[in-house]
>>> print(open('target37.cif').read())   # mmCIF, C-alpha atoms
data_upload
#
loop_
_atom_site.label_atom_id
_atom_site.label_comp_id
_atom_site.auth_asym_id
_atom_site.auth_seq_id
_atom_site.Cartn_x
_atom_site.Cartn_y
_atom_site.Cartn_z
CA MET A 42 -12.08 12.95 7.32
CA ASN A 43 -14.26 10.67 9.47
CA ILE A 44 -17.19 11.59 11.72
CA LEU A 45 -19.06 9.95 14.58
CA PHE A 46 -22.57 11.18 15.39
CA LEU A 47 -24.25 10.48 18.74
CA GLY A 48 -28.06 10.57 18.54
CA TYR A 49 -31.25 9.10 19.94
CA ASN A 50 -33.32 6.96 17.59
CA SER A 51 -32.73 4.40 14.87
CA PHE A 52 -32.80 5.46 11.24
CA ARG A 53 -34.87 2.32 10.66
CA GLN A 54 -37.73 3.60 12.79
CA HIS A 55 -39.70 6.87 12.68
CA LYS A 56 -36.95 9.09 11.33
CA ARG A 57 -37.77 12.67 12.28
CA GLY A 58 -36.27 15.70 14.04
CA VAL A 59 -32.76 15.00 15.32
CA GLU A 60 -32.24 12.05 12.96
CA ASN A 61 -32.98 14.23 9.92
CA VAL A 62 -30.68 16.95 11.26
CA ILE A 63 -27.84 14.41 11.61
CA ASP A 64 -28.52 13.02 8.15
CA PHE A 65 -28.22 16.51 6.72
CA GLN A 66 -25.09 17.40 8.70
CA SER A 67 -23.40 14.27 7.36
CA LYS A 68 -23.55 15.84 3.88
CA ALA A 69 -21.59 18.95 4.88
CA CYS A 70 -18.23 17.36 3.98
CA ASP A 71 -16.99 14.44 1.94
CA PHE A 72 -16.51 12.10 4.89
CA GLU A 73 -14.74 8.80 4.35
CA ARG A 74 -16.54 7.06 7.22
CA ILE A 75 -19.69 8.04 9.06
CA TYR A 76 -20.75 6.31 12.27
CA TYR A 77 -24.04 6.84 14.10
CA LEU A 78 -24.72 5.67 17.68
CA HIS A 79 -28.19 5.68 19.21
CA TRP A 80 -30.43 4.03 21.80
CA GLY A 81 -31.96 0.66 20.92
CA SER A 82 -33.68 -2.42 22.32
CA LYS A 83 -30.42 -4.32 21.88
CA THR A 84 -26.79 -3.60 21.07
CA THR A 85 -26.33 -4.27 17.38
CA ALA A 86 -24.86 -2.87 14.16
CA TYR A 87 -26.41 -2.25 10.74
CA LYS A 88 -25.85 -0.20 7.60
CA ASN A 89 -28.08 2.67 6.52
CA ASN A 90 -26.89 4.14 3.22
CA LYS A 91 -23.52 5.76 4.00
CA PHE A 92 -23.95 5.36 7.79
CA THR A 93 -22.55 2.56 9.91
CA CYS A 94 -25.15 2.52 12.68
CA LEU A 95 -24.76 1.02 16.13
CA SER A 96 -27.58 0.82 18.64
CA ILE A 97 -26.78 0.82 22.36
CA LYS A 98 -29.16 -1.27 24.47
CA HIS A 99 -31.09 1.06 26.79
CA CYS A 100 -30.53 -0.76 30.08
CA TRP A 101 -28.97 0.05 33.47
CA TYR A 102 -25.43 -0.73 32.24
CA TRP A 103 -25.70 1.19 28.95
CA PRO A 104 -22.70 3.49 29.78
CA LEU A 105 -20.47 0.40 29.80
CA LEU A 106 -21.87 -0.77 26.45
CA LEU A 107 -21.46 2.72 25.02
CA ASN A 108 -17.78 2.92 25.95
CA LEU A 109 -17.03 -0.60 24.73
CA VAL A 110 -18.44 0.37 21.32
CA LEU A 111 -16.59 3.71 21.36
CA PHE A 112 -13.27 2.02 22.20
CA LYS A 113 -13.70 -0.32 19.26
CA ILE A 114 -14.51 2.53 16.84
CA LYS A 115 -11.85 4.92 18.12
CA ARG A 116 -8.97 2.45 17.86
CA GLU A 117 -9.56 2.10 14.11
CA ASN A 118 -9.47 5.75 13.04
CA LYS A 119 -9.53 9.31 14.30
CA PHE A 120 -13.03 10.79 14.24
CA ILE A 121 -14.68 14.14 14.74
CA THR A 122 -17.32 13.40 17.37
CA HIS A 123 -20.53 15.39 16.92
CA SER A 124 -23.09 14.67 19.62
CA HIS A 125 -26.80 15.42 19.83
CA ASN A 126 -27.17 13.19 22.89
CA PRO A 127 -25.95 14.92 26.09
CA LEU A 128 -26.06 11.72 28.15
CA PHE A 129 -23.88 9.84 25.65
CA SER A 130 -21.35 12.70 25.79
CA PHE A 131 -21.47 12.90 29.58
CA PHE A 132 -20.86 9.19 30.18
CA SER A 133 -18.34 8.72 27.36
CA VAL A 134 -14.71 8.40 28.47
CA PHE A 135 -13.76 10.27 25.29
CA HIS A 136 -14.22 13.99 24.81
CA THR A 137 -16.82 15.34 22.38
CA ASP A 138 -15.64 17.74 19.67
CA ILE A 139 -19.05 19.31 18.99
CA LEU A 140 -22.17 19.13 21.15
CA THR A 141 -25.41 20.34 19.56
CA VAL A 142 -27.87 21.72 22.10
CA HIS A 143 -31.49 21.67 20.94
CA ASP A 144 -32.81 22.55 24.41
CA GLY A 145 -30.80 22.90 27.60
CA LEU A 146 -30.99 19.71 29.69
CA TYR A 147 -31.80 21.51 32.93
CA TYR A 148 -34.21 23.99 31.33
CA LEU A 149 -36.20 21.28 29.58
CA ASN A 150 -36.55 19.03 32.63
CA LYS A 151 -37.43 22.00 34.83
CA SER A 152 -40.11 23.07 32.31
CA MET A 153 -41.50 19.54 32.35
CA LYS A 154 -41.72 19.81 36.16
CA ARG A 155 -39.66 16.72 36.79
CA LYS A 156 -39.34 15.95 40.51
CA ILE A 157 -35.57 15.47 40.54
CA ILE A 158 -33.99 18.17 38.39
CA PHE A 159 -30.84 18.99 40.35
CA GLN A 160 -29.05 16.04 38.74
CA PHE A 161 -29.74 17.49 35.30
CA ARG A 162 -28.24 20.80 36.39
CA ILE A 163 -25.04 19.05 37.50
CA ILE A 164 -24.85 16.99 34.31
CA GLU A 165 -25.35 20.00 32.06
CA LEU A 166 -22.77 22.14 33.88
CA LEU A 167 -20.14 19.40 33.78
CA LEU A 168 -20.98 18.53 30.19
CA TYR A 169 -19.87 21.90 28.85
CA PHE A 170 -16.39 21.30 30.29
CA ARG A 171 -16.17 17.96 28.49
CA CYS A 172 -16.95 19.30 25.02
CA THR A 173 -14.61 21.33 22.83
CA LEU A 174 -17.30 23.37 21.04
CA ILE A 175 -21.01 23.90 21.79
CA HIS A 176 -23.40 24.36 18.88
CA PHE A 177 -26.71 26.04 19.72
CA ILE A 178 -29.57 26.04 17.20
CA SER A 179 -30.87 29.45 18.33
CA ASN A 180 -30.03 32.38 20.59
CA TYR A 181 -32.90 31.32 22.84
CA THR A 182 -31.38 27.87 23.35
CA LYS A 183 -28.11 29.44 24.44
CA GLU A 184 -29.83 31.91 26.77
CA GLN A 185 -31.82 29.14 28.49
CA SER A 186 -28.80 26.89 28.87
CA LEU A 187 -26.29 26.89 31.75
CA PHE A 188 -23.47 27.65 29.31
CA GLY A 189 -22.71 31.07 30.79
CA ASN A 190 -20.27 33.52 29.21
CA ARG A 191 -17.80 31.08 27.68
CA ARG A 192 -16.68 31.73 24.12
CA ASN A 193 -16.41 28.21 22.70
CA PHE A 194 -19.82 28.21 21.00
CA VAL A 195 -21.43 28.77 17.63
CA ILE A 196 -25.07 29.43 16.69
CA ILE A 197 -26.20 27.76 13.47
CA PRO A 198 -29.95 27.35 12.78
CA ASN A 199 -31.59 24.26 11.37
CA THR A 200 -32.52 23.77 7.75
CA SER A 201 -34.97 21.38 6.04
CA HIS A 202 -34.10 18.09 4.39
CA PHE A 203 -37.22 18.61 2.24
CA GLU A 204 -35.57 21.31 0.14
CA ASN A 205 -34.70 19.02 -2.79
CA PHE A 206 -38.26 17.69 -2.98
CA ALA A 207 -40.45 20.74 -2.34
CA SER A 208 -40.38 22.11 -5.90
CA SER A 209 -41.87 18.89 -7.32
CA PHE A 210 -45.07 19.25 -5.28
CA ASN A 211 -47.88 21.36 -6.66
CA SER A 212 -49.56 23.45 -3.96
CA ASN A 213 -53.20 23.62 -2.97
CA LYS A 214 -54.87 20.73 -4.75
CA ASN A 215 -57.41 20.81 -1.93
CA THR A 216 -61.08 21.71 -2.37
CA PRO A 217 -61.21 25.48 -3.06
CA ASN A 218 -63.82 26.29 -0.40
CA LYS A 219 -61.94 24.39 2.31
CA LYS A 220 -59.21 25.96 4.42
CA ASN A 221 -56.65 23.38 5.47
CA ILE A 222 -54.63 24.08 8.61
CA LEU A 223 -51.63 21.85 9.24
CA ILE A 224 -50.01 21.15 12.62
CA VAL A 225 -46.79 19.11 12.73
CA ARG A 226 -45.93 18.35 16.34
CA SER A 227 -44.90 15.69 18.80
CA ILE A 228 -48.13 14.92 20.64
CA GLU A 229 -47.13 15.83 24.17
CA GLU A 230 -48.09 18.35 26.83
CA ARG A 231 -45.95 21.22 25.54
CA ALA A 232 -47.60 21.09 22.08
CA ARG A 233 -50.92 22.30 23.58
CA ILE A 234 -53.13 20.10 21.41
CA ASP A 235 -55.91 20.96 23.87
CA LEU A 236 -55.94 24.50 22.45
CA ILE A 237 -56.09 23.18 18.89
CA LEU A 238 -59.17 21.14 19.80
CA GLN A 239 -60.82 24.23 21.25
CA VAL A 240 -60.05 26.23 18.10
CA ALA A 241 -61.37 23.42 15.89
CA GLU A 242 -64.53 23.31 18.00
CA ARG A 243 -65.09 27.04 17.52
CA LEU A 244 -64.69 26.64 13.74
CA SER A 245 -66.69 23.43 13.43
CA GLU A 246 -69.52 25.13 11.51
CA LYS A 247 -67.12 26.67 8.99
CA ASN A 248 -64.97 25.21 6.22
CA TYR A 249 -61.79 24.66 8.24
CA ILE A 250 -59.99 21.34 8.37
CA PHE A 251 -57.26 20.70 10.97
CA SER A 252 -54.67 17.99 10.29
CA VAL A 253 -52.31 17.11 13.16
CA ALA A 254 -49.30 15.07 12.05
CA GLY A 255 -47.11 13.51 14.70
CA LYS A 256 -46.76 10.76 17.26
CA GLY A 257 -46.31 11.03 21.00
CA PRO A 258 -47.52 9.88 24.41
CA LEU A 259 -50.81 11.83 24.24
CA LEU A 260 -51.88 10.71 20.75
CA LEU A 261 -54.47 8.18 21.92
CA HIS A 262 -55.78 10.58 24.56
CA TYR A 263 -56.55 13.28 21.99
CA GLN A 264 -57.97 10.82 19.48
CA LYS A 265 -60.46 9.76 22.16
CA GLU A 266 -61.13 13.40 23.05
CA ILE A 267 -62.00 14.18 19.41
CA GLU A 268 -64.42 11.25 19.41
CA LYS A 269 -65.94 12.38 22.69
CA ARG A 270 -66.50 15.93 21.39
CA LYS A 271 -67.75 14.59 18.03
CA LEU A 272 -65.42 16.88 16.10
CA LYS A 273 -65.48 16.22 12.36
CA ASN A 274 -63.04 18.92 11.26
CA ILE A 275 -59.88 17.67 12.96
CA GLU A 276 -57.85 14.51 12.52
CA MET A 277 -54.92 13.16 14.53
CA LEU A 278 -52.86 11.46 11.81
CA GLY A 279 -50.19 9.98 14.06
CA TYR A 280 -46.82 9.33 12.45
CA VAL A 281 -46.67 10.20 8.75
CA ASN A 282 -43.75 9.39 6.48
CA ASP A 283 -41.83 12.05 4.58
CA ASN A 284 -43.79 11.64 1.35
CA GLU A 285 -47.11 12.09 3.15
CA LEU A 286 -45.76 15.10 5.03
CA LEU A 287 -44.61 16.70 1.77
CA HIS A 288 -48.16 16.39 0.44
CA LEU A 289 -49.59 17.86 3.65
CA TYR A 290 -47.31 20.90 3.50
CA SER A 291 -48.00 21.35 -0.18
CA ASN A 292 -51.78 21.27 0.14
CA CYS A 293 -52.39 23.24 3.32
CA ASN A 294 -53.33 26.92 3.52
CA ILE A 295 -51.66 27.68 6.87
CA VAL A 296 -49.13 26.02 9.14
CA LEU A 297 -50.07 26.42 12.82
CA MET A 298 -47.55 25.88 15.59
CA ILE A 299 -48.44 26.09 19.27
CA ALA A 300 -45.77 25.66 21.92
CA GLU A 301 -45.76 26.12 25.68
CA TYR A 302 -42.06 25.54 26.41
CA GLY A 303 -39.06 23.56 25.16
CA GLU A 304 -39.05 24.89 21.60
CA GLY A 305 -35.43 25.61 20.79
CA PHE A 306 -36.11 26.21 17.11
CA GLY A 307 -39.39 25.33 15.36
CA LEU A 308 -38.71 23.22 12.26
CA PRO A 309 -42.35 23.21 11.02
CA ILE A 310 -42.09 26.99 10.71
CA ILE A 311 -39.29 26.96 8.16
CA GLU A 312 -40.78 23.93 6.38
CA GLY A 313 -43.99 25.90 5.97
CA TYR A 314 -41.97 28.75 4.43
CA LEU A 315 -40.22 26.30 2.11
CA PHE A 316 -43.66 25.50 0.68
CA ASN A 317 -44.50 29.23 0.58
CA LYS A 318 -47.16 28.96 3.29
CA PRO A 319 -47.95 31.51 6.00
CA VAL A 320 -47.12 30.26 9.49
CA ILE A 321 -48.71 31.43 12.72
CA ALA A 322 -47.11 30.42 16.00
CA SER A 323 -46.91 31.00 19.76
CA LYS A 324 -45.00 34.01 21.02
CA VAL A 325 -42.66 31.87 23.13
CA CYS A 326 -39.18 30.29 23.20
CA ALA A 327 -37.11 30.61 20.01
CA ILE A 328 -40.13 31.09 17.76
CA PRO A 329 -39.87 34.93 17.54
CA GLU A 330 -36.31 34.42 16.18
CA ILE A 331 -37.55 32.13 13.42
CA ILE A 332 -40.86 33.71 12.37
CA ILE A 333 -40.86 36.02 9.34
CA ASP A 334 -42.65 38.81 11.20
CA ASN A 335 -43.99 39.33 14.73
CA SER A 336 -47.49 39.99 13.36
CA PHE A 337 -47.77 36.20 12.84
CA LEU A 338 -47.26 35.48 16.55
CA PHE A 339 -50.09 34.84 19.01
CA GLU A 340 -50.64 34.39 22.72
CA ASN A 341 -51.68 30.90 23.76
CA ASN A 342 -55.42 31.48 23.94
CA VAL A 343 -58.26 30.61 21.60
CA GLU A 344 -59.30 34.17 20.69
CA ASP A 345 -55.79 35.20 19.68
CA ILE A 346 -55.30 32.06 17.59
CA LEU A 347 -58.62 32.59 15.78
CA GLU A 348 -57.64 36.17 15.02
CA LYS A 349 -54.26 35.10 13.60
CA ILE A 350 -55.85 32.40 11.43
CA ASP A 351 -57.96 35.08 9.73
CA PHE A 352 -54.94 37.36 9.47
CA ALA A 353 -52.72 34.67 7.88
CA LEU A 354 -55.33 33.72 5.29
CA ASN A 355 -55.15 37.27 3.95
CA GLN A 356 -51.34 37.32 3.69
CA VAL A 357 -51.11 35.92 0.18
CA ASN A 358 -48.51 38.28 -1.30
CA GLN A 359 -45.49 37.53 0.90
CA ASP A 360 -42.59 35.55 -0.52
CA TYR A 361 -42.07 33.03 2.29
CA ARG A 362 -39.78 30.84 0.17
CA LYS A 363 -37.36 33.72 -0.34
CA PHE A 364 -37.20 34.23 3.43
CA TYR A 365 -36.50 30.52 3.90
CA PHE A 366 -33.64 30.42 1.38
CA GLU A 367 -32.04 33.60 2.70
CA LYS A 368 -31.96 32.49 6.34
CA PHE A 369 -32.32 28.70 6.46
CA GLY A 370 -31.45 27.34 2.99
CA ASN A 371 -29.42 24.14 2.68
CA LYS A 372 -26.56 25.87 0.87
CA ASN A 373 -25.96 28.40 3.67
CA ILE A 374 -26.19 25.86 6.48
CA VAL A 375 -24.00 23.28 4.70
CA PHE A 376 -21.33 25.94 4.21
CA LYS A 377 -21.37 26.77 7.93
CA PHE A 378 -21.11 23.14 9.02
CA CYS A 379 -18.37 22.41 6.49
CA ASN A 380 -16.29 25.23 8.00
CA LEU A 381 -17.14 24.00 11.49
CA TYR A 382 -15.92 20.46 10.80
CA LYS A 383 -12.76 21.68 9.08
CA SER A 384 -11.98 23.92 12.06
CA CYS A 385 -12.14 20.86 14.34
CA LEU A 386 -9.31 19.24 12.38
CA THR A 387 -7.00 22.19 12.92
CA LYS A 388 -7.36 22.14 16.72
#
>>> encode(input="target37.cif", output="structure tokens")
Amino acid sequence: MNILFLGYNSFRQHKRGVENVIDFQSKACDFERIYYLHWGSKTTAYKNNKFTCLSIKHCWYWPLLLNLVLFKIKRENKFITHSHNPLFSFFSVFHTDILTVHDGLYYLNKSMKRKIIFQFRIIELLLYFRCTLIHFISNYTKEQSLFGNRRNFVIIPNTSHFENFASSFNSNKNTPNKKNILIVRSIEERARIDLILQVAERLSEKNYIFSVAGKGPLLLHYQKEIEKRKLKNIEMLGYVNDNELLHLYSNCNIVLMIAEYGEGFGLPIIEGYLFNKPVIASKVCAIPEIIIDNSFLFENNVEDILEKIDFALNQVNQDYRKFYFEKFGNKNIVFKFCNLYKSCLTK
């Protein structure tokens, strides 16, 4: 069995999110060949462990480059095509066997208040006709999509690629009188880092430390804002590698996740549970599906977040790891994807 994944970013760069999901899905079956196509500054090929990776130059004629590469791959062997990149699937002359939808194309662009969104509506509607099976990562993602009442879909949640490493990290080596709050987010508008700064400001005289891990277009803006406000209890870490992130999860007291829109799952939530940490999060998008209990949800305002921080610090007796393994453990998710890929071969 061979598989071709369509994604976004190079495995050589800041591997996170979709790239880690693809890496994990590639382990669901004993594939003979695994190809991975993604955007790049030039069209080139390279090896990354078991993957044969090909970057497609992001230029005005990229659809032509994409199909030239696909023709070359497809003539060698038959592949299951599993796409995480809706534009690659839309412009490919070949059909896509499985399309994973993290957030509906039209919904996300509408939420971002893009000026021209009608084109995304057309693309998304046509895309579902060009794919054999649609994989949604949550019920919310399906509901917000333009998929409608068709039956060719499956809902399989995400899991964490940290599972094999988490047990080797000892928790809470931090200073006992300090309360470490970890935020793992892409630093963009929908992450509401502005609220985190306000919360940190309110707790500046107490022993709370906020660590924000993630890169994004607003990183420099918020780093300057922290300087301007002279906040000493919050740090924008930028991109952190997996080993650093494992340490951050291990040594925090709470994982905090704020979202405004466009949150089809909420990976930091289940990663917090993997490290047996309480997680508090916004009462929006798919988050209520993922959270262990609705009492850990808050409205997006400072007072509610402060209240939930106090609440979470007192929830020391819950077995968050058990919840993770029952709902999101690697074993369960691998089994589901293995069956999914095998079913593609019988069609």
>>> residues_near_point(input="target37.cif", point="(-19.7, 14.9, 17.8)", cutoff="12 Å", atoms="only C-alpha atoms", output="PyMOL selection string")
chain A and resi 43-48+63+66-67+75-78+120-127+129-130+133+135-142+171-176+381-382+385
>>> write_last_selection(input="target37.cif", atoms="C-alpha atoms", output="JSON list (two decimals), keeping the file's coordinate frame")
[["chain", "number", "residue", "atom", "x", "y", "z"],
["A", 43, "ASN", "CA", -14.26, 10.67, 9.47],
["A", 44, "ILE", "CA", -17.19, 11.59, 11.72],
["A", 45, "LEU", "CA", -19.06, 9.95, 14.58],
["A", 46, "PHE", "CA", -22.57, 11.18, 15.39],
["A", 47, "LEU", "CA", -24.25, 10.48, 18.74],
["A", 48, "GLY", "CA", -28.06, 10.57, 18.54],
["A", 63, "ILE", "CA", -27.84, 14.41, 11.61],
["A", 66, "GLN", "CA", -25.09, 17.40, 8.70],
["A", 67, "SER", "CA", -23.40, 14.27, 7.36],
["A", 75, "ILE", "CA", -19.69, 8.04, 9.06],
["A", 76, "TYR", "CA", -20.75, 6.31, 12.27],
["A", 77, "TYR", "CA", -24.04, 6.84, 14.10],
["A", 78, "LEU", "CA", -24.72, 5.67, 17.68],
["A", 120, "PHE", "CA", -13.03, 10.79, 14.24],
["A", 121, "ILE", "CA", -14.68, 14.14, 14.74],
["A", 122, "THR", "CA", -17.32, 13.40, 17.37],
["A", 123, "HIS", "CA", -20.53, 15.39, 16.92],
["A", 124, "SER", "CA", -23.09, 14.67, 19.62],
["A", 125, "HIS", "CA", -26.80, 15.42, 19.83],
["A", 126, "ASN", "CA", -27.17, 13.19, 22.89],
["A", 127, "PRO", "CA", -25.95, 14.92, 26.09],
["A", 129, "PHE", "CA", -23.88, 9.84, 25.65],
["A", 130, "SER", "CA", -21.35, 12.70, 25.79],
["A", 133, "SER", "CA", -18.34, 8.72, 27.36],
["A", 135, "PHE", "CA", -13.76, 10.27, 25.29],
["A", 136, "HIS", "CA", -14.22, 13.99, 24.81],
["A", 137, "THR", "CA", -16.82, 15.34, 22.38],
["A", 138, "ASP", "CA", -15.64, 17.74, 19.67],
["A", 139, "ILE", "CA", -19.05, 19.31, 18.99],
["A", 140, "LEU", "CA", -22.17, 19.13, 21.15],
["A", 141, "THR", "CA", -25.41, 20.34, 19.56],
["A", 142, "VAL", "CA", -27.87, 21.72, 22.10],
["A", 171, "ARG", "CA", -16.17, 17.96, 28.49],
["A", 172, "CYS", "CA", -16.95, 19.30, 25.02],
["A", 173, "THR", "CA", -14.61, 21.33, 22.83],
["A", 174, "LEU", "CA", -17.30, 23.37, 21.04],
["A", 175, "ILE", "CA", -21.01, 23.90, 21.79],
["A", 176, "HIS", "CA", -23.40, 24.36, 18.88],
["A", 381, "LEU", "CA", -17.14, 24.00, 11.49],
["A", 382, "TYR", "CA", -15.92, 20.46, 10.80],
["A", 385, "CYS", "CA", -12.14, 20.86, 14.34]]
>>> resolve_selection(input="target37.cif", expression="the PyMOL selection byres ((chain A and resi 310-315) around 9)", output="number ranges by chain")
A: 199-201, 203-204, 207, 290-291, 295-298, 306-309, 316-322, 328, 331-333, 360-366, 369-370
>>> residues_around(input="target37.cif", residues="segment 259-269 of chain A", least_positions_apart="3", cutoff="9 Å", atoms="all atoms listed in the file", output="number ranges by chain")
A: 227-230, 234-235, 238, 255-256, 272-273, 275-277, 279
>>> atom_distance(input="target37.cif", atom1="atom CA of Phe210 of chain A", atom2="atom CA of Ser323 of chain A")
27.7 Å
>>> resolve_selection(input="target37.cif", expression="the PyMOL selection byres ((chain A and resi 104) around 8)", output="PDB file with C-alpha atoms, in the coordinates of the input")
ATOM      1  CA  TYR A 102     -25.430  -0.730  32.240  1.00  0.00           C
ATOM      2  CA  TRP A 103     -25.700   1.190  28.950  1.00  0.00           C
ATOM      3  CA  LEU A 105     -20.470   0.400  29.800  1.00  0.00           C
ATOM      4  CA  LEU A 106     -21.870  -0.770  26.450  1.00  0.00           C
ATOM      5  CA  LEU A 107     -21.460   2.720  25.020  1.00  0.00           C
ATOM      6  CA  ASN A 108     -17.780   2.920  25.950  1.00  0.00           C
ATOM      7  CA  PHE A 129     -23.880   9.840  25.650  1.00  0.00           C
ATOM      8  CA  PHE A 132     -20.860   9.190  30.180  1.00  0.00           C
ATOM      9  CA  SER A 133     -18.340   8.720  27.360  1.00  0.00           C
TER      10      SER A 133
END
>>> residues_around(input="target37.cif", residues="Arg53 of chain A", least_positions_apart="2", cutoff="12 Å", atoms="all atoms listed in the file", output="PyMOL selection string")
chain A and resi 50-51+55-57+60+79+81+86-90+92+94-96
>>> resolve_selection(input="target37.cif", expression="the PyMOL selection byres ((chain A and resi 146) around 10)", output="PyMOL selection string")
chain A and resi 127-128+142-145+147-151+158+160-166+185-187
